[in-house]
>>> print(open('query_17.txt').read())   # compact mmCIF, C-alpha atoms and all ligand atoms
# COMPACT_ATOMS: atom_id res chain seq x y z
CA MET A 1 0.00 0.00 0.00
CA ARG A 2 2.76 2.41 1.04
CA ASN A 3 4.65 1.54 -2.11
CA ARG A 4 1.56 2.05 -4.28
CA VAL A 5 1.03 5.54 -2.81
CA ARG A 6 4.68 6.37 -3.39
CA ILE A 7 4.59 5.24 -7.02
CA MET A 8 1.42 7.17 -7.90
CA LYS A 9 2.55 10.29 -6.04
CA GLU A 10 6.00 10.20 -7.61
CA VAL A 11 4.50 10.13 -11.11
CA SER A 12 2.20 13.07 -10.26
CA ASP A 13 4.97 15.09 -8.61
CA ASN A 14 7.36 14.64 -11.52
CA LEU A 15 4.69 15.67 -14.02
CA SER A 16 3.78 18.71 -11.91
CA LYS A 17 7.39 19.85 -12.10
CA GLU A 18 8.33 18.83 -15.62
CA VAL A 19 5.25 19.27 -17.85
CA SER A 20 3.43 22.54 -18.39
CA ASP A 21 0.55 21.48 -20.67
CA LYS A 22 -2.38 20.54 -18.44
CA GLN A 23 -3.81 17.71 -20.54
CA GLU A 24 -0.30 16.32 -21.17
CA LYS A 25 -0.01 15.75 -17.42
CA ASN A 26 -3.13 13.60 -17.61
CA ARG A 27 -1.92 11.72 -20.69
CA LEU A 28 1.59 11.08 -19.38
CA TRP A 29 0.28 9.86 -16.02
CA TRP A 30 -1.61 7.10 -17.84
CA GLU A 31 1.26 6.40 -20.23
CA SER A 32 3.40 5.75 -17.13
CA LEU A 33 0.80 3.62 -15.35
CA PRO A 34 -1.60 2.10 -17.91
CA MET A 35 -4.81 0.60 -16.56
CA THR A 36 -4.09 -3.12 -16.76
CA TYR A 37 -5.65 -4.29 -13.48
CA VAL A 38 -2.19 -5.25 -12.25
CA ASP A 39 -1.27 -3.47 -9.02
CA TRP A 40 0.56 -0.16 -9.56
CA GLU A 41 3.70 -1.59 -7.95
CA GLY A 42 3.61 -4.74 -10.12
CA LYS A 43 6.71 -5.28 -12.24
CA GLU A 44 5.12 -6.83 -15.31
CA ARG A 45 2.10 -4.69 -15.92
CA ILE A 46 1.65 -5.04 -19.68
CA PRO A 47 -0.55 -7.95 -20.84
CA THR A 48 0.51 -9.85 -23.93
CA THR A 49 -1.31 -13.17 -24.20
CA LYS A 50 -4.95 -14.10 -24.62
CA GLU A 51 -4.87 -15.53 -21.08
CA ASP A 52 -3.60 -12.18 -19.73
CA PHE A 53 -6.45 -10.37 -21.47
CA LEU A 54 -9.10 -12.82 -20.27
CA LYS A 55 -7.76 -12.31 -16.75
CA ILE A 56 -8.17 -8.53 -17.20
CA GLU A 57 -11.74 -9.08 -18.42
CA LYS A 58 -12.44 -11.08 -15.27
CA GLU A 59 -10.87 -8.42 -13.05
CA PHE A 60 -12.80 -5.68 -14.84
CA LEU A 61 -16.11 -7.44 -14.20
CA TYR A 62 -15.20 -8.48 -10.67
CA GLY A 63 -13.92 -5.01 -9.78
CA ASN A 64 -16.98 -3.28 -11.22
CA PRO A 65 -20.02 -5.25 -10.03
CA PHE A 66 -22.44 -2.71 -11.51
CA VAL A 67 -21.19 -3.45 -15.02
CA ARG A 68 -21.19 -7.18 -14.38
CA ASP A 69 -24.67 -7.35 -12.85
CA GLU A 70 -26.63 -4.51 -14.42
CA PHE A 71 -25.22 -3.85 -17.85
CA ASN A 72 -25.81 -6.03 -20.88
CA PHE A 73 -22.88 -5.87 -23.32
CA GLY A 74 -24.93 -8.00 -25.72
CA GLY A 75 -27.82 -5.55 -25.84
CA LEU A 76 -26.30 -3.32 -28.53
CA LYS A 77 -25.93 -5.78 -31.38
CA ASN A 78 -25.07 -4.02 -34.67
CA LYS A 79 -25.24 -0.63 -32.93
CA LEU A 80 -22.47 1.93 -33.29
CA VAL A 81 -20.83 2.13 -29.89
CA LEU A 82 -18.02 4.44 -28.78
CA GLU A 83 -15.93 3.62 -25.73
CA ILE A 84 -14.02 6.63 -24.42
CA GLY A 85 -10.92 5.76 -22.35
CA CYS A 86 -10.71 2.08 -23.23
CA GLY A 87 -7.60 1.39 -21.10
CA SER A 88 -6.77 -2.26 -21.82
CA GLY A 89 -9.91 -2.75 -23.88
CA ALA A 90 -11.83 -5.05 -21.54
CA ALA A 91 -15.20 -3.34 -22.08
CA SER A 92 -14.58 -2.79 -25.80
CA CYS A 93 -13.92 -6.49 -26.28
CA LEU A 94 -17.07 -7.37 -24.34
CA PHE A 95 -19.05 -5.06 -26.67
CA ALA A 96 -17.45 -6.73 -29.69
CA LYS A 97 -18.31 -10.19 -28.32
CA GLY A 98 -21.87 -8.95 -27.89
CA GLY A 99 -22.07 -7.98 -31.57
CA ALA A 100 -21.76 -4.17 -31.32
CA LYS A 101 -19.79 -2.17 -33.88
CA ILE A 102 -17.32 -0.73 -31.49
CA THR A 103 -14.91 2.18 -31.80
CA SER A 104 -12.51 2.55 -28.89
CA VAL A 105 -10.47 5.60 -28.03
CA ASP A 106 -7.89 6.39 -25.41
CA ILE A 107 -5.66 9.41 -24.91
CA THR A 108 -2.58 7.19 -24.53
CA GLU A 109 -0.50 5.28 -27.02
CA ASN A 110 -0.32 2.47 -24.47
CA GLY A 111 -4.10 2.26 -24.16
CA VAL A 112 -4.47 2.08 -27.93
CA ASN A 113 -1.75 -0.54 -28.39
CA ILE A 114 -2.90 -2.73 -25.50
CA THR A 115 -6.52 -2.59 -26.68
CA LYS A 116 -5.47 -3.53 -30.22
CA GLU A 117 -3.47 -6.44 -28.86
CA ASN A 118 -6.41 -7.50 -26.70
CA ALA A 119 -8.68 -7.61 -29.76
CA ARG A 120 -6.04 -9.37 -31.87
CA THR A 121 -5.41 -12.16 -29.39
CA GLN A 122 -9.15 -12.76 -29.03
CA ASN A 123 -9.82 -12.43 -32.76
CA LEU A 124 -12.27 -9.56 -32.32
CA LYS A 125 -12.99 -6.63 -34.58
CA LEU A 126 -12.46 -3.20 -33.02
CA GLU A 127 -11.56 0.19 -34.38
CA VAL A 128 -9.07 1.77 -32.02
CA HIS A 129 -7.80 5.35 -32.14
CA ARG A 130 -5.77 7.66 -29.99
CA GLU A 131 -8.11 10.52 -29.19
CA ASP A 132 -8.69 13.05 -26.46
CA ALA A 133 -12.22 12.94 -25.01
CA GLU A 134 -12.18 16.73 -24.97
CA SER A 135 -11.80 17.07 -28.74
CA LEU A 136 -13.06 13.96 -30.53
CA SER A 137 -12.55 13.77 -34.28
CA PHE A 138 -15.96 12.14 -34.94
CA SER A 139 -18.78 14.00 -36.57
CA ALA A 140 -21.88 14.99 -34.63
CA ASN A 141 -24.56 12.30 -34.11
CA ALA A 142 -22.12 9.52 -35.03
CA PHE A 143 -22.91 6.92 -32.33
CA ASP A 144 -25.90 5.07 -30.92
CA PHE A 145 -24.23 4.57 -27.56
CA VAL A 146 -21.32 6.08 -25.64
CA PHE A 147 -19.67 4.13 -22.84
CA SER A 148 -17.05 5.64 -20.58
CA TRP A 149 -16.08 3.93 -17.36
CA GLY A 150 -13.85 5.73 -14.89
CA VAL A 151 -12.34 8.12 -17.40
CA LEU A 152 -13.88 11.56 -17.78
CA HIS A 153 -13.13 12.64 -14.18
CA HIS A 154 -9.43 12.20 -15.06
CA SER A 155 -9.53 14.59 -18.00
CA GLU A 156 -8.24 18.10 -17.52
CA ASN A 157 -11.61 19.63 -18.39
CA THR A 158 -14.38 17.14 -17.66
CA SER A 159 -17.12 19.58 -18.71
CA ARG A 160 -15.59 19.81 -22.18
CA ALA A 161 -15.54 15.98 -22.39
CA PHE A 162 -19.24 15.80 -21.43
CA GLU A 163 -19.97 18.29 -24.23
CA GLU A 164 -18.18 16.00 -26.67
CA VAL A 165 -20.18 12.97 -25.49
CA SER A 166 -23.38 14.90 -26.16
CA ARG A 167 -22.17 16.06 -29.57
CA VAL A 168 -21.18 12.63 -30.95
CA LEU A 169 -24.26 10.87 -29.59
CA LYS A 170 -27.24 10.48 -31.93
CA LYS A 171 -30.53 12.00 -30.88
CA GLY A 172 -32.31 9.22 -28.99
CA GLY A 173 -29.04 7.40 -28.37
CA GLY A 174 -27.90 6.23 -24.97
CA GLY A 175 -24.87 5.96 -22.80
CA LEU A 176 -23.27 4.88 -19.57
CA ILE A 177 -20.74 7.07 -17.81
CA MET A 178 -19.01 6.33 -14.53
CA VAL A 179 -17.26 9.03 -12.56
CA TYR A 180 -16.04 9.13 -8.97
CA ASN A 181 -18.60 9.88 -6.29
CA LYS A 182 -17.96 12.73 -3.92
CA ASN A 183 -20.66 11.75 -1.40
CA SER A 184 -18.73 8.77 -0.18
CA LEU A 185 -16.90 7.55 2.89
CA ARG A 186 -13.89 6.88 0.67
CA TYR A 187 -13.68 10.55 -0.31
CA TYR A 188 -14.13 12.03 3.16
CA VAL A 189 -12.50 9.42 5.39
CA ASN A 190 -9.39 9.15 3.23
CA GLY A 191 -9.41 12.91 2.73
CA LEU A 192 -9.58 13.62 6.47
CA TYR A 193 -6.94 11.00 7.23
CA TRP A 194 -4.45 12.53 4.82
CA LEU A 195 -5.34 16.15 5.53
CA LEU A 196 -5.37 15.95 9.32
CA LEU A 197 -3.47 12.89 10.48
CA ARG A 198 -0.80 13.13 7.81
CA TRP A 199 -0.74 16.94 8.13
CA LYS A 200 -1.21 17.61 4.41
CA ILE A 201 -3.59 20.47 5.25
CA PHE A 202 -0.52 22.41 6.42
CA ARG A 203 1.09 21.89 3.03
CA GLY A 204 -1.73 23.55 1.14
CA TYR A 205 -3.72 20.43 0.24
CA ASP A 206 -7.53 20.43 0.16
CA PHE A 207 -10.03 17.55 -0.21
CA GLU A 208 -9.68 17.39 -4.00
CA ARG A 209 -5.91 17.58 -4.22
CA VAL A 210 -5.16 15.30 -1.30
CA GLN A 211 -6.71 12.49 -3.37
CA ASP A 212 -3.28 12.41 -5.07
CA PHE A 213 -2.21 10.16 -2.21
CA TYR A 214 -4.65 7.34 -2.84
CA THR A 215 -6.54 7.86 -6.09
CA ASP A 216 -5.34 7.13 -9.59
CA GLY A 217 -4.68 9.64 -12.35
CA PHE A 218 -3.11 13.09 -12.39
CA TYR A 219 -6.59 14.64 -12.12
CA HIS A 220 -9.38 12.91 -10.24
CA ARG A 221 -12.43 15.09 -9.98
CA HIS A 222 -15.30 13.81 -7.80
CA PHE A 223 -18.99 14.57 -8.39
CA SER A 224 -22.00 14.36 -6.12
CA PRO A 225 -24.97 12.78 -7.94
CA LYS A 226 -26.58 16.25 -8.03
CA GLU A 227 -23.51 17.89 -9.57
CA LEU A 228 -23.24 15.12 -12.15
CA GLY A 229 -26.91 15.39 -13.11
CA LYS A 230 -26.61 19.14 -13.52
CA GLU A 231 -23.50 18.81 -15.70
CA LEU A 232 -25.08 16.21 -17.97
CA GLU A 233 -28.25 18.23 -18.39
CA ARG A 234 -26.20 21.34 -19.10
CA VAL A 235 -24.70 19.61 -22.16
CA GLY A 236 -28.11 18.46 -23.38
CA LEU A 237 -28.15 14.88 -22.12
CA ARG A 238 -31.29 13.55 -20.48
CA VAL A 239 -30.39 11.72 -17.29
CA LYS A 240 -32.30 8.50 -16.97
CA ARG A 241 -30.69 7.18 -13.82
CA ILE A 242 -27.79 7.98 -11.52
CA SER A 243 -26.68 5.09 -9.33
CA ILE A 244 -24.06 4.97 -6.64
CA THR A 245 -22.05 1.84 -7.27
CA HIS A 246 -19.17 0.20 -5.49
CA MET A 247 -15.94 -1.42 -6.49
CA GLY A 248 -15.47 -5.13 -5.91
CA LEU A 249 -13.43 -5.64 -2.77
CA GLU A 250 -9.83 -6.64 -3.27
C1 LIG B 1 -8.97 4.38 -14.86
S1 LIG B 1 -8.56 4.05 -16.53
C2 LIG B 1 -10.07 3.22 -17.05
C3 LIG B 1 -9.88 2.32 -18.24
C4 LIG B 1 -11.10 1.51 -18.63
N1 LIG B 1 -12.22 2.34 -18.92
C5 LIG B 1 -11.44 0.54 -17.53
O1 LIG B 1 -12.44 0.73 -16.83
O2 LIG B 1 -10.69 -0.42 -17.35
C6 LIG B 1 -8.69 5.62 -17.32
C7 LIG B 1 -8.37 5.60 -18.80
O3 LIG B 1 -8.83 6.82 -19.38
C8 LIG B 1 -7.87 7.29 -20.29
N2 LIG B 1 -8.07 8.74 -20.42
C9 LIG B 1 -7.84 9.69 -19.49
N3 LIG B 1 -8.18 10.91 -19.97
C10 LIG B 1 -8.63 10.72 -21.23
C11 LIG B 1 -9.08 11.59 -22.24
N4 LIG B 1 -9.14 12.91 -22.06
N5 LIG B 1 -9.45 11.06 -23.43
C12 LIG B 1 -9.39 9.73 -23.64
N6 LIG B 1 -8.93 8.85 -22.72
C13 LIG B 1 -8.57 9.33 -21.53
C14 LIG B 1 -6.55 6.87 -19.67
O4 LIG B 1 -5.51 6.83 -20.61
C15 LIG B 1 -6.90 5.50 -19.11
O5 LIG B 1 -6.68 4.49 -20.06
>>> encode(input="query_17.txt", output="C-alpha cells", more="lines below")
Ligand SMILES: C[S@@+](CC[C@H](N)C(=O)[O-])C[C@H]1O[C@@H](n2cnc3c(N)ncnc32)[C@H](O)[C@@H]1O
Amino acid sequence: MRNRVRIMKEVSDNLSKEVSDKQEKNRLWWESLPMTYVDWEGKERIPTTKEDFLKIEKEFLYGNPFVRDEFNFGGLKNKLVLEIGCGSGAASCLFAKGGAKITSVDITENGVNITKENARTQNLKLEVHREDAESLSFSANAFDFVFSWGVLHHSENTSRAFEEVSRVLKKGGGGLIMVYNKNSLRYYVNGLYWLLLRWKIFRGYDFERVQDFYTDGFYHRHFSPKELGKELERVGLRVKRISITHMGLE
C-alpha cells in the first residue's frame, strides 16, 4: 500500500514539475501507469497473451459489479458504440463479443496498443484510435451509444468531455458514464486522514488535491450525484438514472 502511494505520487509530482501542458499531465500519467488491473507496484504490468487479457476481463467485471450485474454488453448488437478511455480494452472487447460495432479511443499510445493487442489475441474486430475525449474527431450524431467507465473525471476539463459525449451521440441514443462519487466515505475518510493525520492540510492540500495520495490519475475530480446530473443536463443529455455503485473488494 505504502509503495503504491509512493509510485502514484512520484508520477504526479514529476509531471507537476516537468510538464506545463495541463492535458499532457493527464496523458503522461496514464502512459506511465496504464490501466491493466495489475497493481501499480507490479513489475510486469503489460498484458501480452490471450490468457492475460481474459484475466483482465475477469478483473474488470469483478472489480466493477455494476457493469457485471446490471449492464448487458450483448444488448447493442449491430449498434455503433463508442468507448471513451478504453484502457486495456476489456469493455470494448465485451461489446465486440456482444455484436456491437465498437470504436474505442484512449488518450494514450499504451491504451491504444494494449486494446489492439487484446482484440487481436481474441480475434475480435475493433476500431481503435488515440483521441482526447475533450476534442473527438468524430462527426456529430455519429454513435448510438457512448460508454465511458472511470475516465472523464481524469480529463483536464471534464465539462468539455461531457460536451463531446453529447455532440457525438445520436438523438435518442444512450450511454453509460461512470465518474467518482464525492458523497462517499472513501472521499471524506481518506481525505480527512491525509489532511489531518498526515498533516497535508498544512502543506496547502484540500479535499480534491489530497486524493493524489490514494486515487489514480493526475486529475481525479469527484462529483456528487446532483452535480453530475446538472453537468449532464447542461450539455443536453437527459439523465435517466444515476446510481451509486461500489468497487469489488480486493
Ligand atoms: C482508470 S482508466 C479506465 C480504463 C477503462 N475504462 C477501464 O475501466 O478499465 C482511465 C483511462 O482513461 C484514459 N483517459 C484519461 N483521460 C482521457 C481523455 N481525455 N481522453 C481519452 N482517454 C482518456 C486513460 O488513458 C486511461 O486508459
>>> closest_atom_pairs(input="query_17.txt", of="chain A", to="ligand LIG 1 (chain B)", cutoff="9 Å", atoms="only C-alpha atoms and all ligand atoms", output="JSON lines")
{"residue": "A:Gln23", "atom": "CA", "partner": "B:LIG1", "partner_atom": "N4", "distance": 7.3}
{"residue": "A:Asn26", "atom": "CA", "partner": "B:LIG1", "partner_atom": "N3", "distance": 6.2}
{"residue": "A:Arg27", "atom": "CA", "partner": "B:LIG1", "partner_atom": "O4", "distance": 6.1}
{"residue": "A:Leu28", "atom": "CA", "partner": "B:LIG1", "partner_atom": "O4", "distance": 8.4}
{"residue": "A:Trp29", "atom": "CA", "partner": "B:LIG1", "partner_atom": "O4", "distance": 8.0}
{"residue": "A:Trp30", "atom": "CA", "partner": "B:LIG1", "partner_atom": "O4", "distance": 4.8}
{"residue": "A:Glu31", "atom": "CA", "partner": "B:LIG1", "partner_atom": "O4", "distance": 6.8}
{"residue": "A:Leu33", "atom": "CA", "partner": "B:LIG1", "partner_atom": "C15", "distance": 8.8}
{"residue": "A:Pro34", "atom": "CA", "partner": "B:LIG1", "partner_atom": "O5", "distance": 6.0}
{"residue": "A:Met35", "atom": "CA", "partner": "B:LIG1", "partner_atom": "S1", "distance": 5.1}
{"residue": "A:Thr36", "atom": "CA", "partner": "B:LIG1", "partner_atom": "O2", "distance": 7.2}
{"residue": "A:Tyr37", "atom": "CA", "partner": "B:LIG1", "partner_atom": "O2", "distance": 7.4}
{"residue": "A:Ile56", "atom": "CA", "partner": "B:LIG1", "partner_atom": "O2", "distance": 8.5}
{"residue": "A:Glu57", "atom": "CA", "partner": "B:LIG1", "partner_atom": "O2", "distance": 8.8}
{"residue": "A:Phe60", "atom": "CA", "partner": "B:LIG1", "partner_atom": "O2", "distance": 6.2}
{"residue": "A:Asn64", "atom": "CA", "partner": "B:LIG1", "partner_atom": "O1", "distance": 8.3}
{"residue": "A:Glu83", "atom": "CA", "partner": "B:LIG1", "partner_atom": "N1", "distance": 7.9}
{"residue": "A:Ile84", "atom": "CA", "partner": "B:LIG1", "partner_atom": "C12", "distance": 5.6}
{"residue": "A:Gly85", "atom": "CA", "partner": "B:LIG1", "partner_atom": "N6", "distance": 3.7}
{"residue": "A:Cys86", "atom": "CA", "partner": "B:LIG1", "partner_atom": "N1", "distance": 4.6}
{"residue": "A:Gly87", "atom": "CA", "partner": "B:LIG1", "partner_atom": "O5", "distance": 3.4}
{"residue": "A:Ser88", "atom": "CA", "partner": "B:LIG1", "partner_atom": "O2", "distance": 6.2}
{"residue": "A:Gly89", "atom": "CA", "partner": "B:LIG1", "partner_atom": "C4", "distance": 6.9}
{"residue": "A:Ala90", "atom": "CA", "partner": "B:LIG1", "partner_atom": "O2", "distance": 6.3}
{"residue": "A:Ala91", "atom": "CA", "partner": "B:LIG1", "partner_atom": "C5", "distance": 7.1}
{"residue": "A:Ser92", "atom": "CA", "partner": "B:LIG1", "partner_atom": "N1", "distance": 8.9}
{"residue": "A:Val105", "atom": "CA", "partner": "B:LIG1", "partner_atom": "C12", "distance": 6.1}
{"residue": "A:Asp106", "atom": "CA", "partner": "B:LIG1", "partner_atom": "N6", "distance": 3.8}
{"residue": "A:Ile107", "atom": "CA", "partner": "B:LIG1", "partner_atom": "C12", "distance": 4.0}
{"residue": "A:Thr108", "atom": "CA", "partner": "B:LIG1", "partner_atom": "O4", "distance": 4.9}
{"residue": "A:Glu109", "atom": "CA", "partner": "B:LIG1", "partner_atom": "O4", "distance": 8.3}
{"residue": "A:Asn110", "atom": "CA", "partner": "B:LIG1", "partner_atom": "O4", "distance": 7.8}
{"residue": "A:Gly111", "atom": "CA", "partner": "B:LIG1", "partner_atom": "O5", "distance": 5.3}
{"residue": "A:Val112", "atom": "CA", "partner": "B:LIG1", "partner_atom": "O5", "distance": 8.5}
{"residue": "A:Arg130", "atom": "CA", "partner": "B:LIG1", "partner_atom": "C12", "distance": 7.6}
{"residue": "A:Glu131", "atom": "CA", "partner": "B:LIG1", "partner_atom": "C12", "distance": 5.8}
{"residue": "A:Asp132", "atom": "CA", "partner": "B:LIG1", "partner_atom": "N5", "distance": 3.7}
{"residue": "A:Ala133", "atom": "CA", "partner": "B:LIG1", "partner_atom": "N5", "distance": 3.7}
{"residue": "A:Glu134", "atom": "CA", "partner": "B:LIG1", "partner_atom": "N4", "distance": 5.7}
{"residue": "A:Ser135", "atom": "CA", "partner": "B:LIG1", "partner_atom": "N4", "distance": 8.3}
{"residue": "A:Leu136", "atom": "CA", "partner": "B:LIG1", "partner_atom": "N5", "distance": 8.5}
{"residue": "A:Phe147", "atom": "CA", "partner": "B:LIG1", "partner_atom": "N1", "distance": 8.6}
{"residue": "A:Ser148", "atom": "CA", "partner": "B:LIG1", "partner_atom": "N1", "distance": 6.1}
{"residue": "A:Trp149", "atom": "CA", "partner": "B:LIG1", "partner_atom": "N1", "distance": 4.5}
{"residue": "A:Gly150", "atom": "CA", "partner": "B:LIG1", "partner_atom": "C2", "distance": 5.0}
{"residue": "A:Val151", "atom": "CA", "partner": "B:LIG1", "partner_atom": "O3", "distance": 4.2}
{"residue": "A:Leu152", "atom": "CA", "partner": "B:LIG1", "partner_atom": "N3", "distance": 6.1}
{"residue": "A:His153", "atom": "CA", "partner": "B:LIG1", "partner_atom": "N3", "distance": 7.8}
{"residue": "A:His154", "atom": "CA", "partner": "B:LIG1", "partner_atom": "N3", "distance": 5.2}
{"residue": "A:Ser155", "atom": "CA", "partner": "B:LIG1", "partner_atom": "N3", "distance": 4.4}
{"residue": "A:Glu156", "atom": "CA", "partner": "B:LIG1", "partner_atom": "N4", "distance": 7.0}
{"residue": "A:Asn157", "atom": "CA", "partner": "B:LIG1", "partner_atom": "N4", "distance": 8.0}
{"residue": "A:Thr158", "atom": "CA", "partner": "B:LIG1", "partner_atom": "N4", "distance": 8.0}
{"residue": "A:Ala161", "atom": "CA", "partner": "B:LIG1", "partner_atom": "N4", "distance": 7.1}
{"residue": "A:Met178", "atom": "CA", "partner": "B:LIG1", "partner_atom": "O1", "distance": 8.9}
{"residue": "A:Asp216", "atom": "CA", "partner": "B:LIG1", "partner_atom": "C1", "distance": 7.0}
{"residue": "A:Gly217", "atom": "CA", "partner": "B:LIG1", "partner_atom": "C1", "distance": 7.2}
{"residue": "A:Tyr219", "atom": "CA", "partner": "B:LIG1", "partner_atom": "N3", "distance": 8.8}
>>> residues_near_point(input="query_17.txt", point="(-9.4, 16.1, -6.2)", cutoff="6 Å", atoms="all atoms listed in the file", output="list of chain:residue names")
A:Glu208, A:Arg209, A:Gln211, A:His220, A:Arg221
>>> closest_residue(input="query_17.txt", among="A:Ser12, A:Thr215, A:Ser159, A:Thr115", to="A:Thr103", atoms="all atoms listed in the file")
A:Thr115
>>> closest_residue(input="query_17.txt", among="A:Val239, A:Leu232, A:Val210, A:Leu82", to="A:Tyr188", atoms="all atoms listed in the file")
A:Val210
>>> atom_distance(input="query_17.txt", atom1="atom CA of A:Val146", atom2="atom CA of A:Lys101")
11.8 Å
>>> decode(input="query_17.txt", residues="stretch 235-249 of chain A", atoms="C-alpha atoms", output="tab-separated table (two decimals), in the first residue's frame")
chain	number	residue	atom	x	y	z
A	235	VAL	CA	-24.70	19.61	-22.16
A	236	GLY	CA	-28.11	18.46	-23.38
A	237	LEU	CA	-28.15	14.88	-22.12
A	238	ARG	CA	-31.29	13.55	-20.48
A	239	VAL	CA	-30.39	11.72	-17.29
A	240	LYS	CA	-32.30	8.50	-16.97
A	241	ARG	CA	-30.69	7.18	-13.82
A	242	ILE	CA	-27.79	7.98	-11.52
A	243	SER	CA	-26.68	5.09	-9.33
A	244	ILE	CA	-24.06	4.97	-6.64
A	245	THR	CA	-22.05	1.84	-7.27
A	246	HIS	CA	-19.17	0.20	-5.49
A	247	MET	CA	-15.94	-1.42	-6.49
A	248	GLY	CA	-15.47	-5.13	-5.91
A	249	LEU	CA	-13.43	-5.64	-2.77
